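Note sheet for the following structure.
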Amino acid sequence: MRSCAAICAMLAVVAAASFLIQDSYILGVMTVTTFLAIWGQSWNLLSGLSGNVSLGHSVFIAMPAYVTVVLFQTWHVPVLAGALLGIAAAVALAAFIGAATLRLSGPYFALATLSASAVMLSLILHFSDITGGPNGIPIAFTEADWTNLEFDHTRSYLLVGLGLLCVVTIFVAGFRRSRLGFYVAVIKSSEAVARAAGIRIALVKVVIYCMSAALTAAGAVVYVFYLRFLDPGFLAGLTLSVEIALFAVVGGTGFLAGPILGAAFYELIDVVANARFGDVGGWDVMVLGFSVVVIVMTEPRGLCELALRLVRAGGAPARMRSVQREAK
Amino acid sequence: MPEPLLALRGVCKSFGAVRSLVDVDLVIAPSSVVGLIGPNGAGKSTLINILTGVYQPDSGSVIFGGKDLVGVSTAQRARLGLVRTFQRPSPIVDLSAIEGVMVGGLVRGLSRTDARAEAQAHLARLGLRAEAERSPRTLPTGRLKLLDFARVLMLRPKLVLLDELMSGLSGGELEIVLDTIDALAAEGIVFLVVEHLMEVIQRLSRSLVVMDAGSVIAHGPPEQVVRDRRVVEAYLGSDALATPC
């Protein structure tokens, strides 16, 4: 709970600091990072806490994004209502995929989710009269109107994103202390032990899969209105699914701050590599991949554990000095 | 004779050509501590897995508390009061020691406050009060096994299967567990104890079941069973009786 309060305070500081930044590129990078962190945090609720790695979380981004935008543009369904329907659609999809796949565990579950995301991309490309196929759907900006999630300044999307990230973080923190959170911890330790303890693991897993999908979808519906373009290759692509999983892994799945720190680190390296090597094809991706490998090899429990270790290492000499002083 | 708590009739289980359980009949009275012994490969683990629903028997029936257990999941069986511990310690690494124990109470529907209070009592009884808030990552094997024991007790069990719970405990820990089992057995909880430590089995058990090659070869008071000809043969080979030494 202390770490949850600290994270929300940090996010509030970032929100306040954003008013000092006028550079729209920097604000854009901050916004992207914030939404990636929301997805990382949502992914961690399922995969980090229960140990069932999903490599297909982009389906819960593409599904609500398309539902919201198509409903709005074709049937003029108000954006906020459409967004709720989009989130509901993502939850329904999670219940369906979950019921079908969560009896699998380990790499089999990961592969099943991976194929779900491939199926989603194929469906989007196939039904091109609704989805625009590979061309995607542009979202025309009409006027600044928060009920349509249309803001005329990037900062507004950043602030909404930070607020959402706070909500998701508080939700995950509360979840970990809840009855369900305890069950999930047992499932992660061993499914056999969980069954022997009377936990209905199939049910628990479907429920947390749906929760994770709902939180992911909530970020997605806001984010597409920031992008103003539905790009199937990005929204339903494999890259995004894998990136989302990486944030929590790089930052530390066992930490509330892990996915946020992971997303920030990843985006920072991405931006720097892109600026420095972006003109040489593929170099930026190589730098990014290499940094991730170095982090994971140095400290498999992630950046947060690495930071804790540094603090402890820094703290130890200080304690030694105080002991020496007392000795004198 | 009162209605048995557990009754197996003609239970068979094969894995390919390997016949792990052959026509097992076993009746356990509602009040007892039963030892289950047998050489490696005798079918003890398969029996536990059949009882807890990890495997379904190829044929035969398992009746627990008057209820046929065919098709009942492991989790449901635990909720019905048929619980087990595992040979290897099974700590819940992301929870503190007491939280891992509380899970058994939460499953029963207790609030977290009530579950914590009850878990505290179990930890105190097992001499784990000082470790309650620690992470199981920092605890040695013996303590972890006691935590596993506490977790299944939180389920308010009727029948507890202890799969080598006591191997790996220190002398002090062993005494505590033995006393706890005695006390709980007096309250009416039935224990089926799988153990290789003969002195433990003899001290605890009011009856002893011996398995060999997938069958129950003896079932009765310990002092009688250990003198049974087939039991001696199973453990020492058939030559042992022929050549007195």
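Identifiers in the structure tokens: chain A, B, ... in order shown; residue index from 1 per chain; ligand index from 1 in order shown.
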Pull the closest atom pair for each residue of chain B that gets at most 8 Å from chain A, along with the distance in Å to one decimal, counting only C-alpha atoms, ordering rows by chain and then ascending residue number, as a Markdown table.
| residue | atom | partner | partner_atom | distance |
| --- | --- | --- | --- | --- |
| B:Thr52 | CA | A:Ala196 | CA | 7.7 |
| B:Thr74 | CA | A:Arg195 | CA | 5.7 |
| B:Ala75 | CA | A:Gly198 | CA | 3.8 |
| B:Gln76 | CA | A:Gly198 | CA | 6.2 |
| B:Arg77 | CA | A:Gly198 | CA | 7.4 |
| B:Ala78 | CA | A:Gly198 | CA | 4.9 |
| B:Arg79 | CA | A:Gly198 | CA | 5.5 |
| B:Val83 | CA | A:Ala196 | CA | 6.5 |
| B:Arg84 | CA | A:Ala196 | CA | 6.6 |
| B:Ser90 | CA | A:Val193 | CA | 7.0 |
| B:Pro91 | CA | A:Ser189 | CA | 7.3 |
| B:Ile92 | CA | A:Ser189 | CA | 5.5 |
| B:Val93 | CA | A:Ser189 | CA | 6.6 |
| B:Asp94 | CA | A:Ala185 | CA | 6.0 |
| B:Leu95 | CA | A:Ala185 | CA | 6.9 |
| B:Glu99 | CA | A:Phe182 | CA | 7.6 |
| B:Gly100 | CA | A:Val186 | CA | 7.7 |
| B:Val103 | CA | A:Phe182 | CA | 6.7 |
| B:Gly104 | CA | A:Ala197 | CA | 6.1 |
| B:Leu106 | CA | A:Arg179 | CA | 6.7 |
| B:Val107 | CA | A:Gly198 | CA | 6.4 |
| B:Arg112 | CA | A:Arg179 | CA | 7.5 |
| B:Arg151 | CA | A:Ala197 | CA | 7.6 |
| B:Val152 | CA | A:Ala197 | CA | 6.8 |
| B:Leu155 | CA | A:Ala197 | CA | 7.6 |
ask   = What are the DSSP helix (DSSP H, G or I) residues of range 17-198 of chain B, as a ChimeraX atom specification?
value = /B:44-51,74-80,97-107,112-125,129-131,136-138,141-153,171-186,198
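Within 7 Å of range 144-148 of chain B there are Thr85, Pro89, Ser90, Pro91, Val101, Leu126, Pro136 and Leu165 of chain B, counting only C-alpha atoms and ignoring same-chain residues fewer than 6 positions away.
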With all heavy atoms retained, could you export that selection as a compact mmCIF listing (two decimals), in the first residue's frame?
# COMPACT_ATOMS: atom_id res chain seq x y z
N THR B 85 -1.19 -33.14 2.15
CA THR B 85 0.04 -32.36 2.04
C THR B 85 0.92 -33.06 1.01
O THR B 85 0.67 -34.21 0.65
CB THR B 85 0.80 -32.29 3.37
OG1 THR B 85 1.19 -33.61 3.74
CG2 THR B 85 -0.05 -31.67 4.46
N PRO B 89 8.06 -29.58 0.23
CA PRO B 89 7.42 -28.39 0.79
C PRO B 89 6.84 -27.53 -0.33
O PRO B 89 7.45 -27.42 -1.40
CB PRO B 89 8.55 -27.66 1.52
CG PRO B 89 9.80 -28.40 1.24
CD PRO B 89 9.48 -29.68 0.55
N SER B 90 5.66 -26.97 -0.11
CA SER B 90 5.05 -26.17 -1.18
C SER B 90 4.70 -24.78 -0.67
O SER B 90 3.54 -24.47 -0.46
CB SER B 90 3.81 -26.88 -1.71
OG SER B 90 3.15 -27.59 -0.69
N PRO B 91 5.74 -23.95 -0.47
CA PRO B 91 5.50 -22.59 0.02
C PRO B 91 4.85 -21.71 -1.05
O PRO B 91 5.05 -21.95 -2.23
CB PRO B 91 6.91 -22.08 0.32
CG PRO B 91 7.79 -22.84 -0.61
CD PRO B 91 7.17 -24.21 -0.73
N VAL B 101 -1.08 -19.55 4.90
CA VAL B 101 -1.92 -20.41 5.74
C VAL B 101 -3.38 -19.95 5.68
O VAL B 101 -4.31 -20.75 5.62
CB VAL B 101 -1.40 -20.41 7.19
CG1 VAL B 101 -2.34 -21.18 8.11
CG2 VAL B 101 0.00 -21.01 7.24
N LEU B 126 1.68 -24.79 16.21
CA LEU B 126 2.79 -25.49 15.56
C LEU B 126 4.14 -24.81 15.82
O LEU B 126 5.14 -25.14 15.18
CB LEU B 126 2.54 -25.59 14.05
CG LEU B 126 1.34 -26.46 13.64
CD1 LEU B 126 1.02 -26.30 12.17
CD2 LEU B 126 1.61 -27.93 13.97
N PRO B 136 8.24 -17.00 3.07
CA PRO B 136 8.68 -18.40 3.08
C PRO B 136 10.02 -18.60 2.37
O PRO B 136 10.67 -19.62 2.59
CB PRO B 136 7.55 -19.14 2.36
CG PRO B 136 6.63 -18.13 1.82
CD PRO B 136 6.93 -16.82 2.44
N LEU B 165 4.99 -36.05 5.45
CA LEU B 165 5.09 -34.73 6.08
C LEU B 165 6.26 -34.69 7.04
O LEU B 165 6.94 -33.67 7.18
CB LEU B 165 3.80 -34.42 6.84
CG LEU B 165 3.82 -33.11 7.64
CD1 LEU B 165 3.74 -31.91 6.70
CD2 LEU B 165 2.69 -33.04 8.66
task = Would you mind writing down, as a PyMOL selection string, each residue of range 18-188 of chain B that DSSP on the backbone assigns to strand (DSSP E or B)?
result = chain B and resi 18-28+33-37+59-64+67-68+82-85+159-163
Quick one: everything within 8 Å of Ala12 in chain A, counting only C-alpha atoms, minus sequence neighbours fewer than 4 positions away in the same chain. Send it as a compact mmCIF listing (two decimals) with C-alpha atoms, in the first residue's frame.
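selection.txt was written with the following content:
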# COMPACT_ATOMS: atom_id res chain seq x y z
CA CYS A 8 0.47 7.76 -7.40
CA ALA A 16 2.28 18.76 -12.63
CA LEU A 162 -1.76 9.36 -15.93
query = Which polymer residues have any atom within 6 Å of an atom of Thr113 in chain A, counting only C-alpha atoms, with same-chain residues fewer than 4 positions away left out, as a ChimeraX atom specification?
reply = /A:54-56
query = Near Ile244 in chain A, counting only C-alpha atoms, which residues have an atom at most 9 Å away, once you skip same-chain residues fewer than 3 positions from it, shown as a PyMOL selection string?
reply = chain A and resi 36-37+39-41+43+55+57-58+239-241+247-248+259+263
Neighbours of His122 in chain B within 10 Å (only C-alpha atoms; same-chain residues fewer than 3 positions away dropped), as a short mmCIF file (atom, residue, chain, number, x, y, z; two decimals) with C-alpha atoms, in the first residue's frame?
data_model
loop_
_atom_site.label_atom_id
_atom_site.label_comp_id
_atom_site.auth_asym_id
_atom_site.auth_seq_id
_atom_site.Cartn_x
_atom_site.Cartn_y
_atom_site.Cartn_z
CA ILE B 98 0.64 -16.46 7.65
CA VAL B 101 -1.92 -20.41 5.74
CA MET B 102 -4.94 -18.04 5.64
CA ARG B 116 -5.91 -14.34 9.97
CA ALA B 117 -7.04 -14.94 13.55
CA GLU B 118 -7.53 -18.63 12.92
CA ALA B 119 -4.23 -18.93 11.03
CA ARG B 125 0.04 -24.41 17.98
CA LEU B 126 2.79 -25.49 15.56
CA GLY B 127 5.43 -23.21 17.10
CA LEU B 128 5.53 -20.83 14.13
CA ARG B 129 4.34 -17.67 15.84
CA LEU B 146 4.73 -27.08 9.11
CA LEU B 147 3.22 -24.20 7.12
CA PHE B 149 0.31 -28.65 7.52
CA ALA B 150 -1.23 -25.49 8.95
CA ARG B 151 -2.73 -24.59 5.55
CA LEU B 153 -5.78 -27.70 8.84
CA MET B 154 -7.33 -24.32 7.97
CA THR B 180 -0.88 -32.00 17.18
#
request  = Could you tell me how far CA of Trp146 in chain A lies from CA of Val79 in chain A, in Å and to one decimal?
outcome  =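 Calculated distance between CA of Trp146 in chain A and CA of Val79 in chain A is 9.5 Å.
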